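K.L.:
For reference, the file work.cif (mmCIF, C-alpha atoms) is included below:
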data_coords
loop_
_atom_site.label_atom_id
_atom_site.label_comp_id
_atom_site.auth_asym_id
_atom_site.auth_seq_id
_atom_site.Cartn_x
_atom_site.Cartn_y
_atom_site.Cartn_z
CA MET A 1 0.00 0.00 0.00
CA LEU A 2 1.45 3.38 -0.99
CA ILE A 3 1.87 6.28 1.41
CA GLY A 4 -1.11 8.24 0.12
CA GLU A 5 -3.48 5.32 0.60
CA VAL A 6 -2.08 4.60 4.07
CA ALA A 7 -2.57 8.26 5.02
CA ARG A 8 -6.17 8.26 3.76
CA ARG A 9 -7.13 5.08 5.59
CA SER A 10 -5.21 5.63 8.83
CA GLY A 11 -5.87 9.34 9.29
CA VAL A 12 -2.13 9.94 9.72
CA SER A 13 -0.88 12.57 7.30
CA SER A 14 1.70 11.72 4.67
CA ARG A 15 3.99 14.31 6.23
CA MET A 16 3.78 12.58 9.62
CA LEU A 17 4.39 9.18 8.02
CA ARG A 18 7.55 10.54 6.41
CA HIS A 19 8.55 11.93 9.81
CA TYR A 20 8.03 8.49 11.38
CA ASP A 21 10.23 7.03 8.67
CA THR A 22 12.97 9.61 9.33
CA LEU A 23 12.88 8.86 13.06
CA GLY A 24 12.88 5.12 12.49
CA LEU A 25 9.53 4.64 14.21
CA VAL A 26 7.75 3.18 11.17
CA ARG A 27 9.85 2.35 8.15
CA PRO A 28 8.00 0.97 5.12
CA THR A 29 8.95 -2.59 4.25
CA GLY A 30 9.59 -1.84 0.60
CA ARG A 31 9.82 0.68 -2.22
CA THR A 32 8.18 0.68 -5.63
CA VAL A 33 10.22 0.76 -8.82
CA GLY A 34 9.68 4.52 -8.83
CA GLY A 35 11.05 4.84 -5.26
CA TYR A 36 7.72 5.41 -3.49
CA ARG A 37 7.24 4.05 0.03
CA GLU A 38 5.27 0.82 0.13
CA TYR A 39 3.74 -0.33 3.42
CA ALA A 40 2.99 -3.92 4.37
CA ASP A 41 0.28 -5.03 6.79
CA GLU A 42 2.85 -5.23 9.63
CA ASP A 43 3.91 -1.64 8.93
CA ILE A 44 0.32 -0.45 9.18
CA ARG A 45 -0.17 -2.29 12.47
CA ARG A 46 2.95 -0.51 13.77
CA ILE A 47 1.52 2.87 12.66
CA PHE A 48 -1.59 2.26 14.73
CA HIS A 49 0.59 1.14 17.65
CA VAL A 50 2.51 4.42 17.49
CA GLU A 51 -0.69 6.43 17.26
CA SER A 52 -2.15 4.61 20.27
CA LEU A 53 0.89 5.48 22.35
CA ARG A 54 0.75 9.10 21.17
CA SER A 55 -2.88 9.34 22.27
CA LEU A 56 -1.72 8.48 25.80
CA GLY A 57 0.52 11.53 25.81
CA LEU A 58 3.90 9.92 25.09
CA SER A 59 6.52 11.83 23.14
CA LEU A 60 7.90 10.31 19.94
CA ARG A 61 11.19 9.69 21.75
CA GLN A 62 9.41 7.72 24.48
CA ILE A 63 7.49 5.77 21.85
CA GLY A 64 10.71 4.93 20.04
CA ARG A 65 12.23 3.65 23.27
CA ALA A 66 9.16 1.55 24.07
CA LEU A 67 9.14 -0.06 20.60
CA ALA A 68 12.89 -0.56 20.24
CA ASP A 69 13.98 -1.73 23.69
CA PRO A 70 13.09 -5.39 24.34
CA ALA A 71 13.86 -4.86 28.03
CA PHE A 72 11.40 -1.96 28.31
CA GLU A 73 8.71 -2.92 30.79
CA PRO A 74 5.08 -1.89 30.19
CA SER A 75 4.85 -1.09 33.90
CA ASP A 76 7.51 1.60 33.44
CA LEU A 77 5.39 3.19 30.74
CA VAL A 78 2.20 3.01 32.78
CA GLY A 79 3.91 4.40 35.89
CA ASP A 80 5.30 7.33 33.92
CA LEU A 81 1.88 8.03 32.41
CA ILE A 82 0.26 7.93 35.85
CA ARG A 83 2.75 10.46 37.26
CA ARG A 84 2.38 12.81 34.31
CA THR A 85 -1.41 12.57 34.41
CA GLU A 86 -1.49 13.23 38.16
CA GLU A 87 0.69 16.32 37.71
CA ARG A 88 -1.50 17.59 34.89
CA LEU A 89 -4.70 16.99 36.90
CA LYS A 90 -3.18 18.76 39.91
CA ARG A 91 -2.34 21.81 37.78
CA GLU A 92 -5.81 21.80 36.25
CA GLN A 93 -7.47 21.58 39.68
CA GLU A 94 -5.34 24.45 40.95
CA LEU A 95 -6.31 26.51 37.91
CA LEU A 96 -9.98 25.70 38.47
CA ASP A 97 -9.78 26.74 42.13
CA ARG A 98 -8.09 30.01 41.18
CA LEU A 99 -10.66 30.76 38.51
CA ARG A 100 -13.42 30.20 41.05
CA ALA A 101 -11.69 32.66 43.35
CA VAL A 102 -11.64 35.21 40.54
CA ASP A 103 -15.29 34.55 39.80
CA GLY A 104 -16.10 35.03 43.49
CA SER A 105 -14.55 38.50 43.39
CA ALA A 106 -17.16 39.52 40.79
CA PRO A 107 -14.76 41.10 38.24
CA THR A 108 -16.29 43.78 36.06
CA ASP A 109 -13.33 45.43 34.33
CA TRP A 110 -11.98 43.70 31.21
CA GLU A 111 -8.46 44.96 31.76
CA GLY A 112 -8.45 43.50 35.24
CA VAL A 113 -9.89 40.19 34.06
CA LEU A 114 -7.31 39.86 31.31
CA ARG A 115 -4.47 40.59 33.72
CA ILE A 116 -5.76 37.99 36.18
CA VAL A 117 -6.26 35.36 33.46
CA GLU A 118 -2.72 36.04 32.25
CA LEU A 119 -1.45 35.52 35.79
CA LEU A 120 -3.43 32.30 36.18
CA HIS A 121 -2.07 30.84 32.97
CA GLY A 122 1.44 31.75 34.10
CA LEU A 123 0.94 30.15 37.50
CA ASN A 124 -0.33 27.00 35.80
CA SER A 125 2.89 26.58 33.82
CA PRO A 126 5.00 23.49 34.60
CA HIS A 127 8.11 25.71 34.35
CA ALA A 128 9.18 27.50 37.54
CA ALA A 129 10.78 30.40 35.65
CA ARG A 130 7.52 31.07 33.81
CA ARG A 131 5.53 31.01 37.07
CA GLN A 132 7.95 33.44 38.69
CA GLN A 133 7.81 35.74 35.68
CA ALA A 134 4.00 35.75 35.85
CA VAL A 135 4.09 36.83 39.50
CA LEU A 136 6.75 39.51 39.08
CA GLY A 137 5.42 40.88 35.79
CA PRO A 138 4.01 44.41 35.56
CA ALA A 139 0.84 44.64 37.62
CA ASP A 140 -0.52 47.74 35.89
CA ASP A 141 -2.19 48.63 39.20
CA VAL A 142 -4.68 45.82 38.62
CA PRO A 143 -5.63 44.21 41.95
CA VAL A 144 -5.35 40.44 42.06
CA PRO A 145 -7.72 38.53 44.35
CA THR A 146 -5.75 37.59 47.45
CA GLU A 147 -7.43 34.18 47.40
CA VAL A 148 -5.65 33.47 44.13
CA LEU A 149 -2.25 34.43 45.52
CA ALA A 150 -2.83 32.59 48.80
CA GLY A 151 -3.85 29.43 46.97
CA ALA A 152 -0.76 29.68 44.78
CA VAL A 153 1.48 30.16 47.84
CA LEU A 154 0.11 27.01 49.46
CA ALA A 155 0.65 24.96 46.30
CA GLU A 156 4.07 26.26 45.20
CA ALA A 157 7.06 23.99 45.87
CA ASP A 158 9.77 25.99 44.09
CA PRO A 159 11.46 28.30 46.66
CA ASN A 160 12.06 31.16 44.22
CA VAL A 161 8.49 31.21 42.93
CA ALA A 162 7.18 30.82 46.48
CA GLY A 163 9.21 33.85 47.57
CA ALA A 164 7.79 35.93 44.73
CA LEU A 165 4.26 34.84 45.64
CA ARG A 166 4.74 35.71 49.31
CA TRP A 167 5.98 39.15 48.27
CA ALA A 168 2.98 39.65 45.99
CA LEU A 169 0.57 38.48 48.69
CA ALA A 170 2.01 40.82 51.33
CA ARG A 171 1.91 43.65 48.77
CA ALA A 172 -1.69 42.92 47.82
CA GLY A 173 -2.87 43.39 51.41
CA GLY A 174 -6.58 42.83 51.82
CA ASP A 175 -7.73 39.48 53.08
CA GLY A 176 -4.64 37.40 52.33
CA VAL A 177 -4.47 35.95 55.83
CA THR A 178 -7.89 34.34 55.45
CA GLY A 179 -6.69 32.47 52.38
CA LEU A 180 -3.72 31.09 54.32
CA ILE A 181 -5.59 29.92 57.40
CA SER A 182 -6.76 26.77 55.62
CA GLY A 183 -3.10 26.06 54.98
CA VAL A 184 -2.06 26.06 58.65
CA ARG A 185 -4.83 23.54 59.29
CA SER A 186 -3.92 21.26 56.38
CA ALA A 187 -3.08 17.60 56.94
CA ASP A 188 -0.19 18.06 54.49
CA VAL A 189 2.90 19.18 56.41
CA GLU A 190 4.41 20.86 53.33
CA VAL A 191 1.30 23.02 52.94
CA ARG A 192 1.47 23.98 56.63
CA ARG A 193 5.13 24.97 56.25
CA ARG A 194 4.32 27.18 53.25
CA ALA A 195 1.39 28.77 55.06
CA VAL A 196 3.43 29.61 58.17
CA LEU A 197 6.27 31.04 56.09
CA ALA A 198 3.81 33.32 54.27
CA LEU A 199 2.00 34.35 57.46
CA ALA A 200 5.32 35.26 59.09
CA GLY A 201 5.73 38.00 56.51
CA MET A 202 2.27 39.47 56.97
CA PRO A 203 1.49 42.12 59.58
CA GLY A 204 -1.57 42.40 61.78
CA ASP A 205 -3.34 40.69 64.64
CA GLU A 206 -5.08 38.20 62.36
CA ALA A 207 -1.76 36.84 61.10
CA THR A 208 -0.41 36.69 64.65
CA ALA A 209 -3.46 34.73 65.80
CA ALA A 210 -3.09 32.28 62.91
CA LEU A 211 0.59 31.77 63.75
CA SER A 212 -0.18 31.28 67.44
CA GLU A 213 -2.58 28.53 66.46
CA VAL A 214 0.30 26.32 65.26
CA LEU A 215 2.75 26.81 68.15
CA GLY A 216 1.90 23.24 69.13
CA ASP A 217 2.11 21.79 65.61
CA PRO A 218 3.60 18.26 65.47
CA ASP A 219 6.12 19.35 62.83
CA PRO A 220 9.28 20.98 64.29
CA ALA A 221 9.79 23.25 61.27
CA VAL A 222 6.24 24.61 61.52
CA ARG A 223 6.53 25.14 65.28
CA ALA A 224 9.89 26.87 64.95
CA ARG A 225 8.83 29.29 62.22
CA ALA A 226 5.62 30.13 64.07
CA ALA A 227 7.41 30.65 67.40
CA LEU A 228 10.02 32.97 65.88
CA ALA A 229 7.36 35.01 64.14
CA VAL A 230 5.02 35.21 67.13
CA GLY A 231 7.84 36.01 69.54
CA SER A 232 9.18 38.72 67.22
CA ARG A 233 5.76 40.37 67.47
CA GLY A 234 6.13 40.63 71.24
CA GLU A 235 3.75 37.79 72.11
CA VAL A 236 4.73 35.95 75.30
CA ALA A 237 2.74 32.89 74.18
CA ALA A 238 5.82 31.95 72.14
CA VAL A 239 8.13 31.69 75.18
CA PRO A 240 7.68 27.94 75.92
CA SER A 241 8.21 27.07 72.26
CA LEU A 242 11.28 29.29 71.98
CA VAL A 243 12.84 27.80 75.12
CA ARG A 244 12.13 24.33 73.75
CA MET A 245 13.90 25.30 70.52
CA VAL A 246 17.00 26.23 72.52
CA VAL A 247 16.88 22.93 74.37
CA GLU A 248 16.43 20.91 71.18
CA GLY A 249 18.88 22.91 69.09
CA THR A 250 16.27 23.97 66.51
CA SER A 251 17.28 27.44 65.28
CA ASP A 252 18.49 27.93 68.84
CA VAL A 253 20.51 31.09 68.13
CA GLU A 254 17.50 32.82 66.53
CA ALA A 255 15.24 31.59 69.34
CA ALA A 256 17.62 32.99 71.99
CA GLU A 257 17.70 36.36 70.23
CA VAL A 258 13.91 36.54 70.18
CA LEU A 259 13.79 35.57 73.85
CA GLY A 260 16.24 38.39 74.54
CA SER A 261 13.95 40.87 72.79
CA LEU A 262 10.96 39.65 74.80
CA ALA A 263 13.00 39.91 78.01
CA ARG A 264 13.25 43.66 77.61
CA ASP A 265 9.81 43.67 79.20
CA ALA A 266 10.42 43.24 82.93
CA GLY A 267 7.27 41.17 83.41
CA CYS A 268 8.30 38.73 80.70
CA ALA A 269 11.98 38.61 81.70
CA ASP A 270 11.33 36.78 84.97
CA ARG A 271 9.20 34.23 83.18
CA ILE A 272 11.92 33.57 80.57
CA MET A 273 14.67 33.33 83.18
CA SER A 274 12.61 30.88 85.19
CA ALA A 275 12.10 28.71 82.12
CA LEU A 276 15.79 28.75 81.16
CA THR A 277 17.07 27.97 84.65
CA GLY A 278 14.44 25.25 85.06
CA GLU A 279 15.70 23.52 81.92
CA LEU A 280 19.32 23.91 83.07
CA ALA A 281 18.50 22.17 86.34
CA ALA A 282 16.36 19.43 84.79
CA PRO A 283 17.74 15.95 85.62
CA ALA A 284 17.27 14.80 82.02
CA ALA A 285 19.12 17.77 80.48
CA ASP A 286 21.97 16.57 78.28
CA PRO A 287 25.34 18.40 78.08
CA ALA A 288 24.71 19.89 74.63
CA SER A 289 21.35 21.33 75.71
CA ARG A 290 22.87 22.85 78.85
CA ILE A 291 25.57 24.52 76.77
CA ARG A 292 22.94 26.07 74.47
CA LEU A 293 20.89 27.22 77.46
CA THR A 294 23.98 28.79 79.02
CA GLN A 295 24.74 30.63 75.79
CA ALA A 296 21.13 31.86 75.62
CA LEU A 297 21.57 33.60 79.00
CA VAL A 298 23.80 36.18 77.30
CA GLU A 299 20.71 37.54 75.52
CA MET A 300 18.97 38.19 78.84
CA PRO A 301 19.20 41.45 80.83
CA PRO A 302 22.69 41.46 82.47
CA ASP A 303 21.34 42.12 85.95
CA LEU A 304 19.34 38.88 85.72
CA ALA A 305 21.83 36.77 83.77
CA LEU A 306 25.01 37.54 85.75
CA GLY A 307 23.96 35.82 88.96
CA VAL A 308 22.94 32.65 87.13
CA LEU A 309 26.14 32.59 85.05
CA ARG A 310 28.32 33.02 88.14
CA LYS A 311 26.56 30.14 89.78
CA LEU A 312 27.01 28.02 86.64
CA ALA A 313 30.73 28.83 86.69
CA GLU A 314 30.88 26.29 89.56
CA ASP A 315 28.86 23.66 87.65
CA ASP A 316 29.95 20.02 87.79
CA ASP A 317 30.12 19.98 83.98
CA ARG A 318 33.50 21.54 83.25
CA THR A 319 32.49 22.70 79.76
CA VAL A 320 29.42 24.48 81.11
CA ALA A 321 31.45 25.95 83.97
CA LEU A 322 34.16 27.36 81.69
CA LEU A 323 31.59 28.78 79.26
CA ALA A 324 29.56 30.38 82.05
CA SER A 325 32.67 31.88 83.60
CA ALA A 326 33.73 33.42 80.27
CA LEU A 327 30.26 34.79 79.59
CA ALA A 328 29.94 36.22 83.11
CA GLY A 329 33.26 37.94 82.65
CA ALA A 330 32.13 39.44 79.37
CA LEU A 331 28.83 40.65 80.81
CA GLY A 332 30.38 41.96 84.01
CA SER A 333 33.26 43.82 82.41
CA PRO A 334 32.81 47.62 82.31
CA GLY A 335 31.97 49.15 78.92
#
I'd like the structure from this file rewritten - as structure tokens, please.

P.N.:
Amino acid sequence: MLIGEVARRSGVSSRMLRHYDTLGLVRPTGRTVGGYREYADEDIRRIFHVESLRSLGLSLRQIGRALADPAFEPSDLVGDLIRRTEERLKREQELLDRLRAVDGSAPTDWEGVLRIVELLHGLNSPHAARRQQAVLGPADDVPVPTEVLAGAVLAEADPNVAGALRWALARAGGDGVTGLISGVRSADVEVRRRAVLALAGMPGDEATAALSEVLGDPDPAVRARAALAVGSRGEVAAVPSLVRMVVEGTSDVEAAEVLGSLARDAGCADRIMSALTGELAAPAADPASRIRLTQALVEMPPDLALGVLRKLAEDDDRTVALLASALAGALGSPG
């Protein structure tokens, strides 16, 4: 059967059949005296095999590998298709959710709608650079629904794109916190981490309340980020979490600095000192934790820290004693 007849019956264009021949996917069994391609029944079956694989979303390179490699397992192909389909469905669902958010904002201006649709298409791109470009592109003073940005923040795994989205969300103002609250309550720990990171950059009592809600989160990274943010806002509710961070060695330097800022309030200082000294004296405290707790005392008001450090200079643990003695000397020296 000649190429024109094969094209007519199969629905595959002559141009595509020639392309298959060039790639080695489907090479006609013979040639006529005039040099025209001549396809046998087996060639036609192979054409339909290629077309079936294309309909599943495989590239021509993947199809060539599947047909040429005798060791290629069908399960590999199916697994790859499942992953690609799941990723595509996830992107489509995210786009649908964002479009619903736009619809809920009752847009009336065509310029604004076009800008938002452009942003949505950019955010739906599988390429991180394209998503980042969509976020950082010229806004033309067109407000973007904060629900759209919040949803994108919760779904974005790329750190650069996520940073751009957090910046855009904080810049948009409005009701961005509300869109992130569902994230701090998510069963997915990655979503909770993204939500807390975004909330930490947003001002206001509502953001502080949302962050305070996760001070007891089971994930250490979520707890730590929330505690640092809440404590930096002057909220004493973060003190137990911050002290625990020092004990456990989770961002302990940052936690000690925030505790020092909170201790500038006389009423809070006594509470912090009591917590630190209680952990130092705890029977189960390990040497590394006691060293971190001793170092954290330097951030406390000198009039409160000096007495404790001088007492620790006589500690049974020589490392703790030497450290405390050095720190007491530094704090007690004039100037």

K.L.:
Mind giving me the straight-line distance from CA of Ile272 in chain A to CA of Glu206 in chain A in Å, one decimal?

P.N.:
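CA of Glu206 in chain A lies 25.3 Å from CA of Ile272 in chain A.
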
K.L.:
Can you tell me which residues surround Leu312 in chain A at a distance of at most 12 Å, considering all atoms listed in the file, apart from same-chain residues fewer than 3 positions away, and format the answer as a list in words?

P.N.:
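After dropping sequence-adjacent residues, the list is Thr277, Leu280, Ala281, Arg290, Ile291, Leu293, Thr294, Gln295, Leu297, Ala305, Leu306, Gly307, Val308, Leu309, Asp315, Asp316, Asp317, Arg318, Thr319, Val320, Ala321, Leu322, Leu323, Ala324, Ser325, Ala326, Leu327 and Ala328 of chain A.
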
K.L.:
For the residues selected in the previous step, produce a file with C-alpha atoms as a PDB file, in the frame of the given file.

P.N.:
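Output file selection-v8.pdb follows:
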ATOM      1  CA  THR A 277      17.070  27.970  84.650  1.00  0.00           C
ATOM      2  CA  LEU A 280      19.320  23.910  83.070  1.00  0.00           C
ATOM      3  CA  ALA A 281      18.500  22.170  86.340  1.00  0.00           C
ATOM      4  CA  ARG A 290      22.870  22.850  78.850  1.00  0.00           C
ATOM      5  CA  ILE A 291      25.570  24.520  76.770  1.00  0.00           C
ATOM      6  CA  LEU A 293      20.890  27.220  77.460  1.00  0.00           C
ATOM      7  CA  THR A 294      23.980  28.790  79.020  1.00  0.00           C
ATOM      8  CA  GLN A 295      24.740  30.630  75.790  1.00  0.00           C
ATOM      9  CA  LEU A 297      21.570  33.600  79.000  1.00  0.00           C
ATOM     10  CA  ALA A 305      21.830  36.770  83.770  1.00  0.00           C
ATOM     11  CA  LEU A 306      25.010  37.540  85.750  1.00  0.00           C
ATOM     12  CA  GLY A 307      23.960  35.820  88.960  1.00  0.00           C
ATOM     13  CA  VAL A 308      22.940  32.650  87.130  1.00  0.00           C
ATOM     14  CA  LEU A 309      26.140  32.590  85.050  1.00  0.00           C
ATOM     15  CA  ASP A 315      28.860  23.660  87.650  1.00  0.00           C
ATOM     16  CA  ASP A 316      29.950  20.020  87.790  1.00  0.00           C
ATOM     17  CA  ASP A 317      30.120  19.980  83.980  1.00  0.00           C
ATOM     18  CA  ARG A 318      33.500  21.540  83.250  1.00  0.00           C
ATOM     19  CA  THR A 319      32.490  22.700  79.760  1.00  0.00           C
ATOM     20  CA  VAL A 320      29.420  24.480  81.110  1.00  0.00           C
ATOM     21  CA  ALA A 321      31.450  25.950  83.970  1.00  0.00           C
ATOM     22  CA  LEU A 322      34.160  27.360  81.690  1.00  0.00           C
ATOM     23  CA  LEU A 323      31.590  28.780  79.260  1.00  0.00           C
ATOM     24  CA  ALA A 324      29.560  30.380  82.050  1.00  0.00           C
ATOM     25  CA  SER A 325      32.670  31.880  83.600  1.00  0.00           C
ATOM     26  CA  ALA A 326      33.730  33.420  80.270  1.00  0.00           C
ATOM     27  CA  LEU A 327      30.260  34.790  79.590  1.00  0.00           C
ATOM     28  CA  ALA A 328      29.940  36.220  83.110  1.00  0.00           C
TER      29      ALA A 328
END

K.L.:
Extract, using all atoms listed in the file, all DNA, RNA and protein residues at most 8 Å from range 219-226 of chain A, discarding same-chain residues fewer than 2 positions from it, and format them as a PyMOL selection string.

P.N.:
chain A and resi 189+192-193+196-197+200+211-212+214-217+228-230+241-242+245+250-251

K.L.:
So the first atom is CA of Ser55 in chain A and the second is CA of Asp41 in chain A; what is the distance between them in Å, to one decimal place?

P.N.:
21.4 Å

K.L.:
Using all atoms listed in the file, which of the listed residues (A:Leu180, A:Leu136, A:Gly57, A:Val191) sits closest to Glu156 in chain A?

P.N.:
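Among the listed residues, the smallest separation from Glu156 in chain A belongs to A:Val191.
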
K.L.:
I'd like the neighbourhood of Ala68 in chain A as a PDB file with C-alpha atoms, keeping the file's coordinate frame, where a residue qualifies if any of its atoms comes within 12 Å (using all atoms listed in the file), though same-chain residues fewer than 3 positions away should be ignored.

P.N.:
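around08.pdb, written as the output of this step:
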ATOM      1  CA  LEU A  23      12.880   8.860  13.060  1.00  0.00           C
ATOM      2  CA  GLY A  24      12.880   5.120  12.490  1.00  0.00           C
ATOM      3  CA  LEU A  25       9.530   4.640  14.210  1.00  0.00           C
ATOM      4  CA  VAL A  26       7.750   3.180  11.170  1.00  0.00           C
ATOM      5  CA  ARG A  46       2.950  -0.510  13.770  1.00  0.00           C
ATOM      6  CA  VAL A  50       2.510   4.420  17.490  1.00  0.00           C
ATOM      7  CA  LEU A  60       7.900  10.310  19.940  1.00  0.00           C
ATOM      8  CA  ARG A  61      11.190   9.690  21.750  1.00  0.00           C
ATOM      9  CA  GLN A  62       9.410   7.720  24.480  1.00  0.00           C
ATOM     10  CA  ILE A  63       7.490   5.770  21.850  1.00  0.00           C
ATOM     11  CA  GLY A  64      10.710   4.930  20.040  1.00  0.00           C
ATOM     12  CA  ARG A  65      12.230   3.650  23.270  1.00  0.00           C
ATOM     13  CA  ALA A  71      13.860  -4.860  28.030  1.00  0.00           C
ATOM     14  CA  PHE A  72      11.400  -1.960  28.310  1.00  0.00           C
ATOM     15  CA  GLU A  73       8.710  -2.920  30.790  1.00  0.00           C
TER      16      GLU A  73
END

K.L.:
Check the smallest atom-to-atom distance from each of A:Leu53, A:Ile44, A:Val153, A:Cys268 to Gly11 in chain A using all atoms listed in the file, then report the winner.

P.N.:
A:Ile44

K.L.:
Might you spell out which residues the PyMOL selection byres ((chain A and resi 10) around 12) would select in the displayed file, as number ranges by chain?

P.N.:
A: 1, 3-9, 11-14, 16-17, 43-52

K.L.:
Taking C-alpha atoms for each residue, export the selection above as a compact mmCIF listing (two decimals), in the frame of the given file.

P.N.:
# COMPACT_ATOMS: atom_id res chain seq x y z
CA MET A 1 0.00 0.00 0.00
CA ILE A 3 1.87 6.28 1.41
CA GLY A 4 -1.11 8.24 0.12
CA GLU A 5 -3.48 5.32 0.60
CA VAL A 6 -2.08 4.60 4.07
CA ALA A 7 -2.57 8.26 5.02
CA ARG A 8 -6.17 8.26 3.76
CA ARG A 9 -7.13 5.08 5.59
CA GLY A 11 -5.87 9.34 9.29
CA VAL A 12 -2.13 9.94 9.72
CA SER A 13 -0.88 12.57 7.30
CA SER A 14 1.70 11.72 4.67
CA MET A 16 3.78 12.58 9.62
CA LEU A 17 4.39 9.18 8.02
CA ASP A 43 3.91 -1.64 8.93
CA ILE A 44 0.32 -0.45 9.18
CA ARG A 45 -0.17 -2.29 12.47
CA ARG A 46 2.95 -0.51 13.77
CA ILE A 47 1.52 2.87 12.66
CA PHE A 48 -1.59 2.26 14.73
CA HIS A 49 0.59 1.14 17.65
CA VAL A 50 2.51 4.42 17.49
CA GLU A 51 -0.69 6.43 17.26
CA SER A 52 -2.15 4.61 20.27

K.L.:
Point out the residue among A:Ala255, A:Ala129, A:Ala134, A:Val117 with the least atom-to-atom distance to Arg292 in chain A, counting all atoms listed in the file.

P.N.:
A:Ala255

K.L.:
I'd like the interatomic distance between CA of Arg171 in chain A and CA of Leu149 in chain A, to a tenth of an Å.

P.N.:
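Between CA of Arg171 in chain A and CA of Leu149 in chain A the gap is 10.6 Å.
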
K.L.:
Could you list, as number ranges by chain, every residue matched by the PyMOL selection byres ((chain A and resi 158) around 12) in this structure?

P.N.:
A: 123, 126-132, 152-157, 159-165, 190, 194

K.L.:
Store the residues picked out above in a file with C-alpha atoms, as a PDB file, keeping the file's coordinate frame.

P.N.:
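The result, stored in part_35.pdb:
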ATOM      1  CA  LEU A 123       0.940  30.150  37.500  1.00  0.00           C
ATOM      2  CA  PRO A 126       5.000  23.490  34.600  1.00  0.00           C
ATOM      3  CA  HIS A 127       8.110  25.710  34.350  1.00  0.00           C
ATOM      4  CA  ALA A 128       9.180  27.500  37.540  1.00  0.00           C
ATOM      5  CA  ALA A 129      10.780  30.400  35.650  1.00  0.00           C
ATOM      6  CA  ARG A 130       7.520  31.070  33.810  1.00  0.00           C
ATOM      7  CA  ARG A 131       5.530  31.010  37.070  1.00  0.00           C
ATOM      8  CA  GLN A 132       7.950  33.440  38.690  1.00  0.00           C
ATOM      9  CA  ALA A 152      -0.760  29.680  44.780  1.00  0.00           C
ATOM     10  CA  VAL A 153       1.480  30.160  47.840  1.00  0.00           C
ATOM     11  CA  LEU A 154       0.110  27.010  49.460  1.00  0.00           C
ATOM     12  CA  ALA A 155       0.650  24.960  46.300  1.00  0.00           C
ATOM     13  CA  GLU A 156       4.070  26.260  45.200  1.00  0.00           C
ATOM     14  CA  ALA A 157       7.060  23.990  45.870  1.00  0.00           C
ATOM     15  CA  PRO A 159      11.460  28.300  46.660  1.00  0.00           C
ATOM     16  CA  ASN A 160      12.060  31.160  44.220  1.00  0.00           C
ATOM     17  CA  VAL A 161       8.490  31.210  42.930  1.00  0.00           C
ATOM     18  CA  ALA A 162       7.180  30.820  46.480  1.00  0.00           C
ATOM     19  CA  GLY A 163       9.210  33.850  47.570  1.00  0.00           C
ATOM     20  CA  ALA A 164       7.790  35.930  44.730  1.00  0.00           C
ATOM     21  CA  LEU A 165       4.260  34.840  45.640  1.00  0.00           C
ATOM     22  CA  GLU A 190       4.410  20.860  53.330  1.00  0.00           C
ATOM     23  CA  ARG A 194       4.320  27.180  53.250  1.00  0.00           C
TER      24      ARG A 194
END

K.L.:
Name the residues that the PyMOL selection byres ((chain A and resi 38) around 9) pulls out of this structure, and write them as a list in words.

P.N.:
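With the PyMOL selection byres ((chain A and resi 38) around 9) on this model, the match is Met1, Leu2, Ile3, Pro28, Thr29, Gly30, Arg31, Thr32, Gly35, Tyr36, Arg37, Tyr39 and Ala40 of chain A.
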
K.L.:
Closest to Leu120 in chain A among A:Asp205, A:Glu92, A:Glu257, A:Glu279, using all atoms listed in the file?

P.N.:
A:Glu92

K.L.:
Counting all atoms listed in the file, which of A:Met202, A:Ala187, A:Glu118, A:Ala195 gets nearest to Trp167 in chain A?

P.N.:
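Under the stated criterion, the closest residue is A:Met202.
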